[in-house]
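The structure appears right after this line, and notes come after that.
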Amino acid sequence: MSYQEEYRNYLADPGEFWQSKSDLIQWFKKPTKALTKDENGFYRWYADGKLNTAYLALDYHLEQGRGDALALIYDSPVTGVKKKITYRELTEKVAKFAGALKKLGLAKGDTAVIYLPMIEETIVSMLACARLGVIHSVVFGGFAPPELAARINHAKPKVIVTASCGIEFSRVIAYKPLVDEALELSGHEVEKVIVKKREQLTDFVTNPTRDLDFDALVESSEPTGWVEVEGTHPLYILYTSGTTGKPKGVVRDNGGHAVALKYSMKTVYNAKAGDVFWSASDVGWVVGHSYIVYAPLLQGCTTIIFEGKPVKTPDAGTFWRVMSEHKVKLFFTAPTAFRAIKKEDPEGELSKKYDLSSLKHVFLAGERLDPPTYHWLKNLLKIDIIDNWWQTETGWPIVANPVGLEKFPVKIGSSTFPVPGYDVKIVDEEGVEVPDGTSGYIVLKLPLPPGSFPTLWQDNERFKENYLAFKEGYYLAGDGGYKDADGYVFIMGRVDDVINVSGHRLSTGEIEEIIGSHPSVAECAVIGLHDDIKGQVPLSLSVIKDGYTISSEKLEIELIDLVRSRLGAVASFKKNILVKRLPKTRSGKILRKSIRLISQKEDFSVPSTIDDPAILTEIRDAFKERGVT
Ligand code: COA
Ligand code: AMP
């Protein structure tokens, strides 16, 4: 079927379209009606269907005679370990860990937080939760204890699964003390903390009544079967940054998620059972949830869990080495990873050491695919380089070149066309559709497809206010962009206070809250500053309180420490500029957009609402002095 036909079928009747796609998975009870509304008036998918996601990702393949196929390859340049795990072995591991969780009293509807590095136990823990209908919430290992505490307080887990340590390049990062600190900060009591003791760090403080050893627990447990759950039963909560300090708990349902990911594996990625599909991301992010864990396993592919970095583990050839050694067919990462490789190996010489003939497509997402990175990769690999645009909220691509249906010519800077399931419109501030070629806010017509979030965890009001209030019947994506006359969609970046640092989504509002808590700081404004490798990095402008004296160097060091300890090193916050005052409107609103424009060296026009235009010149001078412009 052509893309046009498929897309027309979707537009004609989304409910009917997705009812027919429900056949992509094996239900215990097939849903009778794909699209319904719940008691809050929110759209829901496959409400009366019964399934189990872990069964679909594991046991189902055994039933199909694929037990000996490889499910997982663990490749860890930071520890020197490589391991191959079949579907049968992974099923056994998951069934046993699920048995362990069951023995601890976890049951359908309970929650569990997973704070683990990129190791096999992370996937096992997620799937074991799914097997029992326990809702997991994976927290990215780069987040500091207060961030972990905020997620624990909100998700209220019965257990936390963690490891003694993670490894960043050659640095061992103790995870267990971070969990202990987070639990101390949090008001929530967990029943058990299950710790995977890694040989790189065996010595850590244990709470004898609360902490359990992962391996010993598994050893003493019996395997358990799966629990049937409703299509709308939550599979996981994944917290993402909004515009405030309070993270948003994106909910993912079991039924819609399984159908949508299966659909995307064919339509967007053209992946078949047996293909080696590698996403070089982190399981803590949505790319990791969808395309390291669930989608490849649902499709019967081999997935790779890679514990390393694009560079320095041991060199900028590590991606090529993994692709060649494991015969990767489909590869997914964020553009920032290739920018880091390009910086160390500008001509891509290291790629020539490896046989990359298995590689068919490279997919990039998480941030804008900048043209220099596109050209570099295209010239080097001479295969399709495919951009796709999506978000934690949607869980799978919104705009993509649907290579599994029909491959379209690439227009650089565009992620190509809306994927069937997404009706993408570009509107102005009043919500009125704009003509082709005109930039505006991107909105998606409701219902969002299966797999996209039905709401925020225990926060229906915030869901409505943040996403649905802008335009009746539409979801506000938070990105700006335009469509050209051929219907290609171009994403131009966030229209809110969210920034993208190395493909990691961060809230400038949250960083402002942290900086504002420093005793000397009266007020501050944080913007995303262009960075050649990371895409953006946060930059803060701060004003100190009257009567306080602190040198700008000392303040900067203290603020860097504060952001690292409260949010995490992953924020890559390195620069604070001391200014006398911030540009504001007459009603006192900080003019962040003007600050952004100055940092981009753009000729800034003076907004008519500004209180004192002279401040913009002061900011420009302060930027010049620090080498920002
Ligand atoms: N646990 C603990 N700390 C972590 C961490 C984790 N899982 N991930 C990152 N950090 C720390 C890093 O060690 C670093 O600390 P430092 O400031 O003390 O050196 C800091 O957070 C910033 O990390 P990062 O943004 O990864 O920068 P980097 O300079 O270490 O590496 C890249 C740069 C480009 C190699 C790296 O960002 C990368 O691999 N990017 C790919 C992005 C990606 O996969 N994004 C997922 C979204 S699709
Ligand atoms: P996250 O929820 O962490 O996946 O971040 C989603 C945000 O990343 C989007 O709202 C965009 O701002 C940005 N993003 C993701 N993919 C792309 C892309 N292909 N092009 C441009 N921006 C992207």
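Following the order of the structure tokens, chains are lettered A, B, ..., residues in each are numbered from 1, and ligands are numbered from 1.
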
If DSSP is run on the backbone, what residues of region 105-285 of chain A are strand (DSSP E or B)? A reply as an mmCIF file with N, CA and C atoms, in the first residue's frame would be ideal.
```
data_model
loop_
_atom_site.group_PDB
_atom_site.id
_atom_site.type_symbol
_atom_site.label_atom_id
_atom_site.label_comp_id
_atom_site.auth_asym_id
_atom_site.auth_seq_id
_atom_site.Cartn_x
_atom_site.Cartn_y
_atom_site.Cartn_z
ATOM 1 N N THR A 111 3.568 0.236 41.711
ATOM 2 C CA THR A 111 4.599 0.911 40.915
ATOM 3 C C THR A 111 5.999 0.535 41.416
ATOM 4 N N ALA A 112 6.960 0.589 40.498
ATOM 5 C CA ALA A 112 8.364 0.297 40.842
ATOM 6 C C ALA A 112 9.243 1.302 40.116
ATOM 7 N N VAL A 113 10.226 1.856 40.831
ATOM 8 C CA VAL A 113 11.181 2.763 40.176
ATOM 9 C C VAL A 113 12.446 1.976 39.826
ATOM 10 N N ILE A 114 12.937 2.203 38.627
ATOM 11 C CA ILE A 114 14.146 1.529 38.155
ATOM 12 C C ILE A 114 15.204 2.605 37.906
ATOM 13 N N TYR A 115 16.307 2.528 38.643
ATOM 14 C CA TYR A 115 17.385 3.519 38.521
ATOM 15 C C TYR A 115 18.659 2.720 38.272
ATOM 16 N N ILE A 135 3.565 -1.185 37.275
ATOM 17 C CA ILE A 135 3.862 -0.025 36.427
ATOM 18 C C ILE A 135 5.278 0.454 36.751
ATOM 19 N N HIS A 136 6.181 0.400 35.765
ATOM 20 C CA HIS A 136 7.546 0.827 36.085
ATOM 21 C C HIS A 136 7.768 2.288 35.739
ATOM 22 N N SER A 137 8.705 2.877 36.462
ATOM 23 C CA SER A 137 9.137 4.233 36.133
ATOM 24 C C SER A 137 10.655 4.228 36.152
ATOM 25 N N VAL A 138 11.236 4.268 34.967
ATOM 26 C CA VAL A 138 12.697 4.241 34.864
ATOM 27 C C VAL A 138 13.189 5.683 34.991
ATOM 28 N N VAL A 159 8.924 -0.741 45.336
ATOM 29 C CA VAL A 159 10.348 -1.102 45.340
ATOM 30 C C VAL A 159 11.125 -0.195 44.377
ATOM 31 N N ILE A 160 12.424 -0.122 44.649
ATOM 32 C CA ILE A 160 13.343 0.529 43.706
ATOM 33 C C ILE A 160 14.364 -0.531 43.302
ATOM 34 N N VAL A 161 14.630 -0.600 42.014
ATOM 35 C CA VAL A 161 15.679 -1.518 41.549
ATOM 36 C C VAL A 161 16.850 -0.650 41.105
ATOM 37 N N THR A 162 18.019 -0.934 41.653
ATOM 38 C CA THR A 162 19.186 -0.115 41.314
ATOM 39 C C THR A 162 20.430 -1.007 41.215
ATOM 40 N N ALA A 163 21.572 -0.361 41.014
ATOM 41 C CA ALA A 163 22.834 -1.107 40.942
ATOM 42 C C ALA A 163 23.826 -0.426 41.865
ATOM 43 N N CYS A 165 26.637 0.590 40.934
ATOM 44 C CA CYS A 165 27.273 1.696 40.214
ATOM 45 C C CYS A 165 26.929 1.706 38.730
ATOM 46 N N GLY A 166 27.178 2.859 38.128
ATOM 47 C CA GLY A 166 27.192 2.997 36.679
ATOM 48 C C GLY A 166 28.618 3.347 36.291
ATOM 49 N N ILE A 167 28.902 3.344 35.006
ATOM 50 C CA ILE A 167 30.262 3.693 34.571
ATOM 51 C C ILE A 167 30.169 4.713 33.447
ATOM 52 N N GLU A 168 30.757 5.862 33.681
ATOM 53 C CA GLU A 168 30.775 6.945 32.691
ATOM 54 C C GLU A 168 32.200 7.060 32.186
ATOM 55 N N ARG A 171 34.981 6.375 34.560
ATOM 56 C CA ARG A 171 34.670 6.781 35.924
ATOM 57 C C ARG A 171 33.543 5.916 36.499
ATOM 58 N N VAL A 172 33.798 5.330 37.680
ATOM 59 C CA VAL A 172 32.750 4.541 38.330
ATOM 60 C C VAL A 172 31.881 5.500 39.146
ATOM 61 N N ILE A 173 30.581 5.485 38.881
ATOM 62 C CA ILE A 173 29.680 6.383 39.620
ATOM 63 C C ILE A 173 28.826 5.540 40.563
ATOM 64 N N ALA A 174 29.008 5.759 41.835
ATOM 65 C CA ALA A 174 28.248 4.982 42.822
ATOM 66 C C ALA A 174 26.774 5.383 42.743
ATOM 67 N N LYS A 192 11.229 -2.114 49.604
ATOM 68 C CA LYS A 192 12.513 -2.772 49.346
ATOM 69 C C LYS A 192 13.329 -2.013 48.299
ATOM 70 N N VAL A 193 14.649 -2.069 48.466
ATOM 71 C CA VAL A 193 15.560 -1.577 47.429
ATOM 72 C C VAL A 193 16.373 -2.787 46.969
ATOM 73 N N ILE A 194 16.253 -3.114 45.696
ATOM 74 C CA ILE A 194 16.944 -4.298 45.166
ATOM 75 C C ILE A 194 18.196 -3.806 44.431
ATOM 76 N N VAL A 195 19.354 -4.305 44.852
ATOM 77 C CA VAL A 195 20.614 -3.754 44.330
ATOM 78 C C VAL A 195 21.396 -4.798 43.538
ATOM 79 N N LYS A 196 21.667 -4.499 42.289
ATOM 80 C CA LYS A 196 22.551 -5.340 41.489
ATOM 81 C C LYS A 196 23.984 -4.959 41.837
ATOM 82 N N ARG A 198 27.622 -4.831 41.214
ATOM 83 C CA ARG A 198 28.516 -4.975 40.059
ATOM 84 C C ARG A 198 29.952 -5.092 40.549
ATOM 85 N N LEU A 201 32.077 -2.115 41.769
ATOM 86 C CA LEU A 201 31.855 -1.480 43.073
ATOM 87 C C LEU A 201 31.060 -2.451 43.944
ATOM 88 N N ASP A 211 17.231 -3.441 52.099
ATOM 89 C CA ASP A 211 17.945 -3.693 50.847
ATOM 90 C C ASP A 211 18.097 -5.190 50.572
ATOM 91 N N LEU A 212 17.979 -5.543 49.310
ATOM 92 C CA LEU A 212 18.117 -6.941 48.894
ATOM 93 C C LEU A 212 19.104 -7.022 47.745
ATOM 94 N N ASP A 213 19.824 -8.118 47.678
ATOM 95 C CA ASP A 213 20.768 -8.325 46.589
ATOM 96 C C ASP A 213 20.021 -8.900 45.377
ATOM 97 N N VAL A 229 -3.696 -8.006 31.373
ATOM 98 C CA VAL A 229 -4.105 -6.646 31.760
ATOM 99 C C VAL A 229 -4.975 -6.047 30.658
ATOM 100 N N GLU A 230 -5.740 -5.036 31.035
ATOM 101 C CA GLU A 230 -6.596 -4.360 30.060
ATOM 102 C C GLU A 230 -5.718 -3.530 29.120
ATOM 103 N N PRO A 234 -1.826 0.965 32.635
ATOM 104 C CA PRO A 234 -0.525 1.599 32.366
ATOM 105 C C PRO A 234 0.625 0.592 32.396
ATOM 106 N N LEU A 235 1.492 0.723 31.406
ATOM 107 C CA LEU A 235 2.700 -0.101 31.355
ATOM 108 C C LEU A 235 3.814 0.611 32.119
ATOM 109 N N TYR A 236 3.908 1.920 31.877
ATOM 110 C CA TYR A 236 4.954 2.672 32.571
ATOM 111 C C TYR A 236 4.613 4.148 32.708
ATOM 112 N N ILE A 237 5.380 4.786 33.602
ATOM 113 C CA ILE A 237 5.352 6.247 33.742
ATOM 114 C C ILE A 237 6.761 6.696 33.389
ATOM 115 N N LEU A 238 6.865 7.696 32.533
ATOM 116 C CA LEU A 238 8.196 8.232 32.221
ATOM 117 C C LEU A 238 8.142 9.740 32.436
ATOM 118 N N TYR A 239 8.939 10.186 33.391
ATOM 119 C CA TYR A 239 8.916 11.621 33.717
ATOM 120 C C TYR A 239 9.737 12.402 32.692
ATOM 121 N N THR A 240 9.194 13.536 32.287
ATOM 122 C CA THR A 240 9.906 14.382 31.338
ATOM 123 C C THR A 240 9.798 15.830 31.796
ATOM 124 N N LYS A 248 6.845 16.037 34.487
ATOM 125 C CA LYS A 248 5.528 15.544 34.081
ATOM 126 C C LYS A 248 5.595 14.033 33.886
ATOM 127 N N GLY A 249 4.682 13.325 34.511
ATOM 128 C CA GLY A 249 4.680 11.852 34.433
ATOM 129 C C GLY A 249 3.860 11.363 33.248
ATOM 130 N N VAL A 250 4.551 11.136 32.148
ATOM 131 C CA VAL A 250 3.871 10.648 30.943
ATOM 132 C C VAL A 250 3.465 9.180 31.156
ATOM 133 N N VAL A 251 2.187 8.894 30.926
ATOM 134 C CA VAL A 251 1.668 7.535 31.136
ATOM 135 C C VAL A 251 1.620 6.809 29.788
ATOM 136 N N ARG A 252 2.026 5.565 29.783
ATOM 137 C CA ARG A 252 1.932 4.771 28.558
ATOM 138 C C ARG A 252 1.060 3.554 28.840
ATOM 139 N N ASP A 253 0.010 3.384 28.037
ATOM 140 C CA ASP A 253 -0.868 2.219 28.191
ATOM 141 C C ASP A 253 -0.283 0.988 27.515
ATOM 142 N N VAL A 276 18.917 -7.021 13.309
ATOM 143 C CA VAL A 276 19.596 -6.433 14.476
ATOM 144 C C VAL A 276 19.314 -4.935 14.474
ATOM 145 N N PHE A 277 18.647 -4.482 15.523
ATOM 146 C CA PHE A 277 18.177 -3.109 15.627
ATOM 147 C C PHE A 277 18.899 -2.490 16.822
ATOM 148 N N TRP A 278 19.700 -1.466 16.554
ATOM 149 C CA TRP A 278 20.456 -0.868 17.660
ATOM 150 C C TRP A 278 20.090 0.603 17.855
ATOM 151 N N SER A 279 19.603 0.890 19.038
ATOM 152 C CA SER A 279 19.390 2.285 19.432
ATOM 153 C C SER A 279 20.477 2.654 20.424
#
```

Residues within 12 Å of Lys37 (chain A), please, as JSON, numbers by chain. Count only C-alpha atoms; anything in the same chain fewer than 6 positions from it doesn't count. {"A": [15, 43, 44, 45, 46, 47, 48, 232, 446, 447, 454]}

From the list A:Ile85, A:Leu381, A:Ala280, A:Leu297, which residue is nearest ligand 1 when using only C-alpha atoms and all ligand atoms?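 Checking each candidate against ligand 1, we get A:Ala280 as the closest.
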
Counting only C-alpha atoms and all ligand atoms, the option among A:Asp180, A:Glu307, A:Asp110, A:Asp75 closest to ligand 1: A:Glu307

Throw together the list of residues within 10 Å of ligand 2, counting only C-alpha atoms and all ligand atoms, and drop it here as an NGL selection string. :A and (238-242 or 250 or 285-287 or 334-335 or 363-370 or 386-400 or 413-416 or 442 or 477-481 or 489-496 or 498-501 or 503-506)

List the neighbours of Pro450 (chain A) out to 6 Å using only C-alpha atoms; skip same-chain residues closer than 2 positions along the sequence, and give me the result as an NGL selection string. :A and (45 or 256 or 260 or 452)

What would the file look like if the residues just selected were written as a CSV table (one decimal), in the first residue's frame with C-alpha atoms?
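Now in again07.csv:
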```csv
chain,number,residue,atom,x,y,z
A,45,TRP,CA,-7.4,2.9,22.9
A,256,GLY,CA,-2.0,1.1,22.4
A,260,ALA,CA,1.7,1.4,17.8
A,452,SER,CA,0.7,8.3,22.7
```

As an exercise, work out the distance from CA of Ala150 (chain A) to CA of Ser565 (chain A) in Å and give it to one decimal place. 13.8 Å

I'd like the neighbourhood of Ala316 (chain A) as JSON, numbers by chain, where a residue qualifies if any of its atoms comes within 9 Å (using only C-alpha atoms), though same-chain residues fewer than 4 positions away should be ignored. {"A": [309, 310, 311, 312, 320, 340, 341, 342, 343, 344, 345, 348, 350, 351]}

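Among the residues of region 312-432 of chain A, backbone DSSP assigns alpha helix (DSSP H) to Thr318, Phe319, Trp320, Arg321, Val322, Met323, Ser324, Glu325, Pro335, Thr336, Ala337, Phe338, Arg339, Ala340, Ile341, Lys342, Lys343, Glu344, Pro371, Pro372, Thr373, Tyr374, His375, Trp376, Leu377, Lys378, Asn379, Leu380 and Leu381 of chain A.
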
6 Å contact set for Gly528 (chain A), only C-alpha atoms, chain neighbours under 4 positions out, as a ChimeraX atom specification: /A:499,536-538

How would the residues just picked look written out with N, CA, C and O atoms as a PDB file, in the first residue's frame?
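Just written: result22.pdb:
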```
ATOM      1  N   ILE A 499      14.681  23.084  26.767  1.00  0.00           N
ATOM      2  CA  ILE A 499      15.867  23.066  25.907  1.00  0.00           C
ATOM      3  C   ILE A 499      16.335  21.628  25.709  1.00  0.00           C
ATOM      4  O   ILE A 499      15.912  20.732  26.441  1.00  0.00           O
ATOM      5  N   GLN A 536      22.482  22.407  22.391  1.00  0.00           N
ATOM      6  CA  GLN A 536      22.295  23.540  23.285  1.00  0.00           C
ATOM      7  C   GLN A 536      22.916  23.221  24.642  1.00  0.00           C
ATOM      8  O   GLN A 536      23.001  22.054  25.020  1.00  0.00           O
ATOM      9  N   VAL A 537      23.324  24.275  25.352  1.00  0.00           N
ATOM     10  CA  VAL A 537      23.690  24.134  26.770  1.00  0.00           C
ATOM     11  C   VAL A 537      23.030  25.289  27.509  1.00  0.00           C
ATOM     12  O   VAL A 537      22.796  26.355  26.927  1.00  0.00           O
ATOM     13  N   PRO A 538      22.701  25.093  28.787  1.00  0.00           N
ATOM     14  CA  PRO A 538      22.058  26.190  29.507  1.00  0.00           C
ATOM     15  C   PRO A 538      23.035  27.315  29.848  1.00  0.00           C
ATOM     16  O   PRO A 538      24.190  27.063  30.186  1.00  0.00           O
TER      17      PRO A 538
END
```

Using only C-alpha atoms and all ligand atoms, which of the listed residues (A:Tyr291, A:Trp18, A:Phe306, A:Phe140) sits closest to ligand 1? A:Phe140

Could you name the residues that touch region 377-380 of chain A at 10 Å or less, counting only C-alpha atoms, but leaving out those on the same chain fewer than 3 positions away, as a list in words? Pro335, Phe338, Arg339, Lys342, Glu347, Gly348, Glu349, Ser351, Lys352, Val362, Pro371, Pro372, Thr373, Tyr374, Ile383, Asp384 and Ile385 of chain A

Using only C-alpha atoms, pick whichever of A:Glu512, A:Asp532, A:Glu523, A:Asp546 has the shortest atom-to-atom distance to Thr243 (chain A). A:Glu512

Taking only C-alpha atoms and all ligand atoms into account, which of A:Lys534, A:Arg462, A:Arg131, A:Lys33 comes nearest ligand 1?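 When distances to ligand 1 are compared using only C-alpha atoms and all ligand atoms, the smallest one comes from A:Lys534.
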